[in-house]
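This is input23.pdb. It holds PDB, C-alpha atoms, pLDDT in the B column.
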```
ATOM      1  CA  MET A   1       0.000   0.000   0.000  1.00 48.00           C
ATOM      2  CA  ASP A   2       3.008   2.294  -0.222  1.00 50.00           C
ATOM      3  CA  SER A   3       1.777   3.680  -3.536  1.00 63.00           C
ATOM      4  CA  ILE A   4      -1.478   4.945  -1.991  1.00 71.00           C
ATOM      5  CA  ASP A   5      -1.501   7.597   0.674  1.00 73.00           C
ATOM      6  CA  MET A   6      -4.633   6.831   2.652  1.00 71.00           C
ATOM      7  CA  SER A   7      -3.665   9.101   5.515  1.00 69.00           C
ATOM      8  CA  THR A   8      -5.014  12.183   3.778  1.00 62.00           C
ATOM      9  CA  SER A   9      -8.094  10.475   2.367  1.00 71.00           C
ATOM     10  CA  GLN A  10     -11.558  10.582   3.799  1.00 87.00           C
ATOM     11  CA  VAL A  11     -11.623   6.922   4.802  1.00 93.00           C
ATOM     12  CA  THR A  12     -12.340   5.477   8.201  1.00 94.00           C
ATOM     13  CA  PRO A  13      -9.807   3.321  10.046  1.00 94.00           C
ATOM     14  CA  PHE A  14     -11.964   0.260   9.276  1.00 96.00           C
ATOM     15  CA  GLN A  15     -12.137   1.111   5.560  1.00 96.00           C
ATOM     16  CA  ARG A  16      -8.369   1.563   5.531  1.00 94.00           C
ATOM     17  CA  ARG A  17      -7.860  -1.921   7.005  1.00 96.00           C
ATOM     18  CA  VAL A  18     -10.272  -3.435   4.448  1.00 97.00           C
ATOM     19  CA  TYR A  19      -8.461  -1.689   1.569  1.00 96.00           C
ATOM     20  CA  GLU A  20      -5.062  -2.784   2.877  1.00 95.00           C
ATOM     21  CA  LEU A  21      -6.171  -6.432   2.901  1.00 97.00           C
ATOM     22  CA  CYS A  22      -7.911  -6.175  -0.452  1.00 97.00           C
ATOM     23  CA  ALA A  23      -4.744  -4.757  -2.003  1.00 96.00           C
ATOM     24  CA  GLN A  24      -2.935  -7.981  -1.031  1.00 97.00           C
ATOM     25  CA  ILE A  25      -5.074 -10.130  -3.371  1.00 98.00           C
ATOM     26  CA  PRO A  26      -2.915 -10.767  -6.444  1.00 98.00           C
ATOM     27  CA  PRO A  27      -4.190 -10.719 -10.035  1.00 98.00           C
ATOM     28  CA  GLY A  28      -5.742 -14.031 -11.012  1.00 98.00           C
ATOM     29  CA  TYR A  29      -6.942 -14.739  -7.478  1.00 98.00           C
ATOM     30  CA  PHE A  30     -10.018 -13.806  -5.479  1.00 98.00           C
ATOM     31  CA  SER A  31     -11.125 -13.662  -1.885  1.00 98.00           C
ATOM     32  CA  THR A  32     -14.522 -13.366  -0.262  1.00 98.00           C
ATOM     33  CA  TYR A  33     -16.199 -10.761   1.887  1.00 97.00           C
ATOM     34  CA  LYS A  34     -16.230 -13.402   4.633  1.00 98.00           C
ATOM     35  CA  GLU A  35     -12.500 -14.178   4.387  1.00 98.00           C
ATOM     36  CA  ILE A  36     -11.703 -10.480   4.795  1.00 98.00           C
ATOM     37  CA  SER A  37     -14.238 -10.040   7.587  1.00 98.00           C
ATOM     38  CA  ASP A  38     -12.844 -13.072   9.441  1.00 98.00           C
ATOM     39  CA  ALA A  39      -9.338 -11.606   9.207  1.00 98.00           C
ATOM     40  CA  LEU A  40     -10.639  -8.313  10.615  1.00 98.00           C
ATOM     41  CA  LYS A  41     -13.026  -9.905  13.136  1.00 98.00           C
ATOM     42  CA  SER A  42     -15.871  -8.028  11.512  1.00 98.00           C
ATOM     43  CA  SER A  43     -18.851  -8.893   9.308  1.00 98.00           C
ATOM     44  CA  PRO A  44     -19.045  -9.583   5.566  1.00 97.00           C
ATOM     45  CA  ARG A  45     -21.659  -6.836   5.216  1.00 96.00           C
ATOM     46  CA  ALA A  46     -19.322  -4.255   6.775  1.00 98.00           C
ATOM     47  CA  VAL A  47     -16.559  -5.304   4.372  1.00 98.00           C
ATOM     48  CA  GLY A  48     -18.963  -4.975   1.447  1.00 96.00           C
ATOM     49  CA  GLN A  49     -19.992  -1.503   2.546  1.00 95.00           C
ATOM     50  CA  ALA A  50     -16.352  -0.431   2.793  1.00 96.00           C
ATOM     51  CA  LEU A  51     -15.565  -1.818  -0.665  1.00 96.00           C
ATOM     52  CA  LYS A  52     -18.664  -0.151  -2.106  1.00 94.00           C
ATOM     53  CA  LYS A  53     -17.034   3.168  -1.201  1.00 93.00           C
ATOM     54  CA  ASN A  54     -13.507   2.248  -2.381  1.00 93.00           C
ATOM     55  CA  PRO A  55     -11.975   5.490  -3.722  1.00 93.00           C
ATOM     56  CA  PHE A  56      -8.745   3.706  -4.709  1.00 93.00           C
ATOM     57  CA  ALA A  57     -10.050   1.303  -7.357  1.00 90.00           C
ATOM     58  CA  PRO A  58      -8.494  -0.270  -9.320  1.00 89.00           C
ATOM     59  CA  THR A  59      -5.271   0.064  -7.294  1.00 91.00           C
ATOM     60  CA  VAL A  60      -7.214  -1.459  -4.411  1.00 95.00           C
ATOM     61  CA  PRO A  61      -8.778  -4.270  -6.464  1.00 97.00           C
ATOM     62  CA  CYS A  62     -12.203  -4.650  -4.883  1.00 96.00           C
ATOM     63  CA  HIS A  63     -13.312  -6.572  -7.978  1.00 97.00           C
ATOM     64  CA  ARG A  64     -11.325  -9.527  -6.609  1.00 98.00           C
ATOM     65  CA  VAL A  65     -13.720  -9.945  -3.671  1.00 98.00           C
ATOM     66  CA  ILE A  66     -16.755 -12.171  -4.247  1.00 97.00           C
ATOM     67  CA  SER A  67     -19.501 -13.647  -2.095  1.00 96.00           C
ATOM     68  CA  SER A  68     -18.835 -16.741   0.006  1.00 96.00           C
ATOM     69  CA  ASP A  69     -21.253 -18.782  -2.137  1.00 96.00           C
ATOM     70  CA  TYR A  70     -18.739 -18.199  -4.968  1.00 97.00           C
ATOM     71  CA  ARG A  71     -21.040 -15.936  -6.935  1.00 96.00           C
ATOM     72  CA  ILE A  72     -19.928 -12.544  -8.185  1.00 94.00           C
ATOM     73  CA  GLY A  73     -21.441 -10.547  -5.316  1.00 92.00           C
ATOM     74  CA  GLY A  74     -21.642  -6.785  -5.685  1.00 90.00           C
ATOM     75  CA  PHE A  75     -19.683  -4.033  -7.311  1.00 91.00           C
ATOM     76  CA  PHE A  76     -19.957  -0.280  -6.748  1.00 88.00           C
ATOM     77  CA  GLY A  77     -23.416  -0.487  -5.223  1.00 86.00           C
ATOM     78  CA  GLN A  78     -24.978  -3.077  -7.528  1.00 86.00           C
ATOM     79  CA  TRP A  79     -25.637  -6.641  -6.427  1.00 86.00           C
ATOM     80  CA  ALA A  80     -25.756  -9.700  -8.700  1.00 82.00           C
ATOM     81  CA  LYS A  81     -26.566  -7.871 -11.957  1.00 87.00           C
ATOM     82  CA  GLY A  82     -26.140  -4.579 -13.724  1.00 91.00           C
ATOM     83  CA  SER A  83     -23.458  -2.761 -15.679  1.00 94.00           C
ATOM     84  CA  ASN A  84     -21.128  -2.470 -12.664  1.00 91.00           C
ATOM     85  CA  VAL A  85     -21.403  -6.190 -11.959  1.00 91.00           C
ATOM     86  CA  ASP A  86     -20.806  -6.919 -15.650  1.00 93.00           C
ATOM     87  CA  ARG A  87     -17.624  -4.852 -15.358  1.00 94.00           C
ATOM     88  CA  LYS A  88     -16.544  -6.898 -12.310  1.00 95.00           C
ATOM     89  CA  HIS A  89     -17.082 -10.117 -14.297  1.00 94.00           C
ATOM     90  CA  GLU A  90     -14.990  -8.696 -17.133  1.00 96.00           C
ATOM     91  CA  LEU A  91     -12.145  -7.570 -14.860  1.00 96.00           C
ATOM     92  CA  LEU A  92     -11.999 -11.007 -13.243  1.00 97.00           C
ATOM     93  CA  ARG A  93     -12.221 -12.732 -16.646  1.00 97.00           C
ATOM     94  CA  GLN A  94      -9.253 -10.677 -17.878  1.00 98.00           C
ATOM     95  CA  GLU A  95      -7.293 -11.958 -14.871  1.00 98.00           C
ATOM     96  CA  GLY A  96      -8.268 -15.584 -15.518  1.00 97.00           C
ATOM     97  CA  VAL A  97     -10.973 -15.936 -12.863  1.00 98.00           C
ATOM     98  CA  LEU A  98     -13.822 -17.483 -14.842  1.00 97.00           C
ATOM     99  CA  PHE A  99     -17.369 -18.144 -13.702  1.00 96.00           C
ATOM    100  CA  ALA A 100     -19.556 -20.985 -14.982  1.00 95.00           C
ATOM    101  CA  ASP A 101     -22.785 -20.365 -16.885  1.00 92.00           C
ATOM    102  CA  ASP A 102     -24.758 -20.740 -13.654  1.00 92.00           C
ATOM    103  CA  GLY A 103     -22.909 -17.720 -12.215  1.00 91.00           C
ATOM    104  CA  CYS A 104     -20.771 -19.683  -9.763  1.00 95.00           C
ATOM    105  CA  LEU A 105     -17.044 -20.104  -9.683  1.00 97.00           C
ATOM    106  CA  PRO A 106     -16.198 -23.716 -10.669  1.00 97.00           C
ATOM    107  CA  ALA A 107     -15.228 -26.004  -7.782  1.00 96.00           C
ATOM    108  CA  SER A 108     -11.623 -26.352  -8.957  1.00 94.00           C
ATOM    109  CA  ALA A 109     -11.117 -22.583  -8.979  1.00 96.00           C
ATOM    110  CA  ARG A 110     -12.566 -22.245  -5.483  1.00 96.00           C
ATOM    111  CA  THR A 111      -9.555 -23.946  -3.945  1.00 94.00           C
ATOM    112  CA  GLU A 112      -6.878 -23.084  -6.499  1.00 97.00           C
ATOM    113  CA  LEU A 113      -7.566 -19.349  -6.703  1.00 98.00           C
ATOM    114  CA  LEU A 114      -8.867 -18.472  -3.205  1.00 98.00           C
ATOM    115  CA  PHE A 115      -6.546 -15.995  -1.501  1.00 98.00           C
ATOM    116  CA  ARG A 116      -6.637 -15.990   2.268  1.00 96.00           C
ATOM    117  CA  ALA A 117      -3.003 -15.382   3.266  1.00 97.00           C
ATOM    118  CA  PHE A 118      -3.673 -11.881   4.522  1.00 97.00           C
ATOM    119  CA  VAL A 119      -0.993 -10.080   6.477  1.00 97.00           C
ATOM    120  CA  LEU A 120      -2.462  -7.828   9.153  1.00 92.00           C
TER
END
```

How would this structure read if it were set down as structure tokens?
Amino acid sequence: MDSIDMSTSQVTPFQRRVYELCAQIPPGYFSTYKEISDALKSSPRAVGQALKKNPFAPTVPCHRVISSDYRIGGFFGQWAKGSNVDRKHELLRQEGVLFADDGCLPASARTELLFRAFVL
């Protein structure tokens, strides 16, 4: 997070912690709102609300966070469908994270691409 100065931004301490963890997810991987919330001892909904307000995208890659049922989740205030969610699908597709026709991440990708090695 050295490339982003969050100290002068209008973000809360909780948002800052969420963005710091989200920035650790490498291209081609994903995490879930629950994985981040577990690391922060918070709730998935609180993580989602912080990411909804992410002023540092795409440097803080909130598109790499999906729901714990391995569906796309939300993106910039939209949930499950809409142009923002379509953009999230496209960003993940460009990184090699591909969803099946039913909207879920395939079982093999769930274990191979799940990032949970967060450093607090």

I need every residue sitting at most 12 Å from the point (-22.1, -5.2, 4.7) (coordinates as in the file, all atoms listed in the file considered), written as a PyMOL selection string. chain A and resi 15+18+33-34+36-37+42-53+67+73-74+77+79

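Among the candidates A:Gly82, A:Phe76, A:Glu90, A:Ile25, the residue lying nearest to Arg64 of chain A is A:Ile25 (atoms considered: only C-alpha atoms).
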
Distance in Å - atom CA of Asn54 of chain A versus atom CA of Glu35 of chain A: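 That distance, rounded to one decimal, is 17.8 Å.
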
What do you get, as a list of chain:residue names, if you spell out every residue that the PyMOL selection byres ((chain A and resi 96-112) around 9) selects here?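 So the PyMOL selection byres ((chain A and resi 96-112) around 9) ends up selecting A:Pro27, A:Gly28, A:Tyr29, A:Phe30, A:Arg64, A:Asp69, A:Tyr70, A:Arg71, A:Ile72, A:His89, A:Leu91, A:Leu92, A:Arg93, A:Gln94, A:Glu95, A:Leu113, A:Leu114, A:Phe115.
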
Any chance you could work out the residue set of the PyMOL selection byres ((chain A and resi 59) around 10) here, as a list in words?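 Going through the file, the PyMOL selection byres ((chain A and resi 59) around 10) ends up selecting Met1, Ser3, Ile4, Tyr19, Cys22, Ala23, Asn54, Pro55, Phe56, Ala57, Pro58, Val60, Pro61 and Cys62 of chain A.
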
Please report the interatomic distance between atom CA of Lys88 of chain A and atom CA of Arg16 of chain A in Å with one decimal.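 Atom-to-atom, atom CA of Lys88 of chain A and atom CA of Arg16 of chain A are spaced 21.4 Å apart.
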
Report, in Å to a single decimal, how far apart atom CA of Ala80 of chain A and atom CA of Val119 of chain A are.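 That distance, rounded to one decimal, is 29.0 Å.
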
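Each of A:Ser31, A:Gln78, A:Leu40, A:Met6 was checked against Leu120 of chain A using only C-alpha atoms; the smallest atom-to-atom distance is that of A:Leu40.
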
Centre and size of axis-aligned box enclosing segment 11-28 of chain A plus 6 Å each side, as AutoDock Vina command-line options:
```
--center_x -7.6 --center_y -3.6 --center_z -0.5 --size_x 21.4 --size_y 33.0 --size_z 33.1
```
